[in-house]
file target-v9.cif (mmCIF, C-alpha atoms)
data_my_file
loop_
_atom_site.group_PDB
_atom_site.id
_atom_site.type_symbol
_atom_site.label_atom_id
_atom_site.label_comp_id
_atom_site.auth_asym_id
_atom_site.auth_seq_id
_atom_site.Cartn_x
_atom_site.Cartn_y
_atom_site.Cartn_z
ATOM 1 C CA ASP S 1060 -20.777 -19.070 -59.725
ATOM 2 C CA TYR S 1061 -20.027 -16.080 -57.499
ATOM 3 C CA ARG S 1062 -22.279 -13.089 -57.744
ATOM 4 C CA PRO S 1063 -21.719 -10.345 -55.159
ATOM 5 C CA GLY S 1064 -24.787 -9.928 -53.013
ATOM 6 C CA ALA S 1065 -26.498 -13.056 -54.315
ATOM 7 C CA LEU S 1066 -26.489 -14.663 -50.868
ATOM 8 C CA SER S 1067 -26.270 -11.504 -48.793
ATOM 9 C CA THR S 1068 -29.088 -9.924 -46.883
ATOM 10 C CA TYR S 1069 -28.839 -6.291 -45.911
ATOM 11 C CA PHE S 1070 -30.433 -5.211 -42.664
ATOM 12 C CA HIS S 1071 -30.977 -1.565 -41.933
ATOM 13 C CA ASP S 1072 -32.379 -0.562 -38.562
ATOM 14 C CA VAL S 1073 -33.279 2.973 -37.651
ATOM 15 C CA ILE S 1074 -32.177 3.477 -34.055
ATOM 16 C CA ARG S 1075 -32.746 6.443 -31.749
ATOM 17 C CA VAL S 1076 -30.400 6.629 -28.751
ATOM 18 C CA GLU S 1077 -31.203 8.999 -25.896
ATOM 19 C CA ALA S 1078 -29.352 9.451 -22.623
ATOM 20 C CA LEU S 1079 -29.609 11.395 -19.388
ATOM 21 C CA ARG S 1080 -26.710 11.673 -16.980
ATOM 22 C CA SER S 1081 -25.850 13.162 -13.608
ATOM 23 C CA GLU S 1082 -22.636 12.801 -11.617
ATOM 24 C CA THR S 1083 -24.075 9.667 -10.002
ATOM 25 C CA TRP S 1084 -26.474 8.085 -12.510
ATOM 26 C CA LYS S 1085 -26.735 7.443 -16.248
ATOM 27 C CA LEU S 1086 -29.805 6.284 -18.153
ATOM 28 C CA ILE S 1087 -29.549 5.199 -21.799
ATOM 29 C CA ARG S 1088 -32.589 4.340 -23.913
ATOM 30 C CA GLU S 1089 -32.118 2.778 -27.335
ATOM 31 C CA THR S 1090 -35.241 2.499 -29.513
ATOM 32 C CA VAL S 1091 -35.225 0.477 -32.736
ATOM 33 C CA LEU S 1092 -37.768 2.423 -34.770
ATOM 34 C CA SER S 1093 -37.697 0.099 -37.770
ATOM 35 C CA HIS S 1094 -39.244 -2.743 -35.739
ATOM 36 C CA ASN S 1095 -43.016 -3.053 -35.714
ATOM 37 C CA PRO S 1096 -43.754 -2.241 -32.953
ATOM 38 C CA PRO S 1097 -40.574 -0.348 -32.025
ATOM 39 C CA SER S 1098 -38.398 -2.173 -29.487
ATOM 40 C CA GLN S 1099 -36.458 -0.617 -26.626
ATOM 41 C CA VAL S 1100 -33.379 -1.413 -24.595
ATOM 42 C CA VAL S 1101 -32.889 0.588 -21.404
ATOM 43 C CA GLU S 1102 -29.646 0.731 -19.435
ATOM 44 C CA PHE S 1103 -29.226 2.383 -16.024
ATOM 45 C CA TYR S 1104 -25.872 2.733 -14.292
ATOM 46 C CA ASP S 1105 -24.592 3.815 -10.895
ATOM 47 C CA LEU S 1106 -21.530 5.778 -11.997
ATOM 48 C CA VAL S 1107 -20.065 5.901 -8.489
ATOM 49 C CA SER S 1108 -19.842 2.151 -7.926
ATOM 50 C CA ASP S 1109 -19.747 1.051 -11.598
ATOM 51 C CA GLN S 1110 -17.577 3.572 -13.450
ATOM 52 C CA GLU S 1111 -16.999 1.180 -16.350
ATOM 53 C CA GLU S 1112 -20.778 0.774 -16.837
ATOM 54 C CA LEU S 1113 -20.620 -3.012 -16.727
ATOM 55 C CA GLN S 1114 -23.769 -3.777 -14.716
ATOM 56 C CA SER S 1115 -27.003 -2.172 -15.855
ATOM 57 C CA LEU S 1116 -29.556 -1.774 -13.082
ATOM 58 C CA ALA S 1117 -32.463 -1.194 -15.476
ATOM 59 C CA ALA S 1118 -33.803 -4.734 -15.415
ATOM 60 C CA SER S 1119 -32.694 -5.523 -11.896
ATOM 61 C CA GLN S 1120 -35.508 -7.038 -9.846
ATOM 62 C CA ALA S 1121 -33.501 -6.346 -6.687
ATOM 63 C CA ARG S 1122 -33.670 -2.554 -6.909
ATOM 64 C CA SER S 1123 -34.394 -0.925 -3.599
ATOM 65 C CA PRO S 1124 -37.408 1.428 -3.394
ATOM 66 C CA SER S 1125 -35.092 4.461 -3.325
ATOM 67 C CA LEU S 1126 -33.143 3.233 -6.377
ATOM 68 C CA ASN S 1127 -36.401 2.471 -8.157
ATOM 69 C CA GLU S 1128 -37.517 6.048 -7.450
ATOM 70 C CA VAL S 1129 -34.297 7.443 -8.974
ATOM 71 C CA PHE S 1130 -34.789 5.219 -12.025
ATOM 72 C CA GLU S 1131 -38.406 6.357 -12.473
ATOM 73 C CA VAL S 1132 -37.455 10.053 -12.135
ATOM 74 C CA PHE S 1133 -34.663 9.697 -14.697
ATOM 75 C CA HIS S 1134 -36.922 7.759 -17.062
ATOM 76 C CA ALA S 1135 -39.680 10.392 -16.761
ATOM 77 C CA ARG S 1136 -37.225 13.256 -17.356
ATOM 78 C CA LEU S 1137 -35.740 11.542 -20.399
ATOM 79 C CA THR S 1138 -39.207 10.848 -21.798
ATOM 80 C CA ALA S 1139 -40.284 14.474 -21.282
ATOM 81 C CA TRP S 1140 -37.105 15.778 -22.942
ATOM 82 C CA SER S 1141 -37.491 13.354 -25.846
ATOM 83 C CA GLU S 1142 -41.112 14.364 -26.445
ATOM 84 C CA GLU S 1143 -40.162 18.055 -26.324
ATOM 85 C CA MET S 1144 -37.383 17.549 -28.884
ATOM 86 C CA ARG S 1145 -39.658 15.607 -31.229
ATOM 87 C CA SER S 1146 -42.346 18.285 -30.982
ATOM 88 C CA ARG S 1147 -39.810 20.875 -32.217
ATOM 89 C CA GLN S 1148 -39.141 18.963 -35.438
#

call {"tool": "encode", "arguments": {"input": "target-v9.cif", "output": "structure tokens"}}
result
Amino acid sequence: DYRPGALSTYFHDVIRVEALRSETWKLIRETVLSHNPPSQVVEFYDLVSDQEELQSLAASQARSPSLNEVFEVFHARLTAWSEEMRSRQ
């Protein structure tokens, strides 16, 4: 007996994607709002040496102090922008 949808489960996630980019760096933050608590995936790319964006540096434990500083500045700027946009809604 075939009944459409009888064995199907429908998942619907609400996802907010935010990004900040310069000529050299790109930070992408994806937040799944429908999870409790919301979950995040952060990607950070060096666009000079990784133009195809294949190796995210966000979770890299081997980041140099200067690269970590760039990451933190980008993350803070993206967070500030995101909060400003949400406050306008």

call {"tool": "closest_residue", "arguments": {"input": "target-v9.cif", "among": "S:His1134, S:Arg1080, S:Arg1145, S:Arg1075", "to": "Pro1097 (chain S)", "atoms": "all atoms listed in the file"}}
result
S:Arg1075

call {"tool": "atom_distance", "arguments": {"input": "target-v9.cif", "atom1": "CA of Ser1119 (chain S)", "atom2": "CA of Thr1083 (chain S)"}}
result
17.6 Å

call {"tool": "axis_aligned_box", "arguments": {"input": "target-v9.cif", "around": "region 1088-1091 of chain S", "padding_each_side": "4 Å", "output": "JSON"}}
result
{"center_x": -33.7, "center_y": 2.4, "center_z": -28.3, "size_x": 11.1, "size_y": 11.9, "size_z": 16.8}

call {"tool": "residues_around", "arguments": {"input": "target-v9.cif", "residues": "Phe1133 (chain S)", "least_positions_apart": "2", "cutoff": "12 Å", "atoms": "only C-alpha atoms", "output": "list in words"}}
result
Glu1077, Ala1078, Leu1079, Arg1080, Ser1081, Thr1083, Trp1084, Lys1085, Leu1086, Ile1087, Arg1088, Val1101, Glu1102, Phe1103, Tyr1104, Ala1117, Leu1126, Asn1127, Glu1128, Val1129, Phe1130, Glu1131, Ala1135, Arg1136, Leu1137, Thr1138, Ala1139 and Trp1140 of chain S

call {"tool": "atom_distance", "arguments": {"input": "target-v9.cif", "atom1": "CA of Ser1141 (chain S)", "atom2": "CA of Val1076 (chain S)"}}
result
10.2 Å
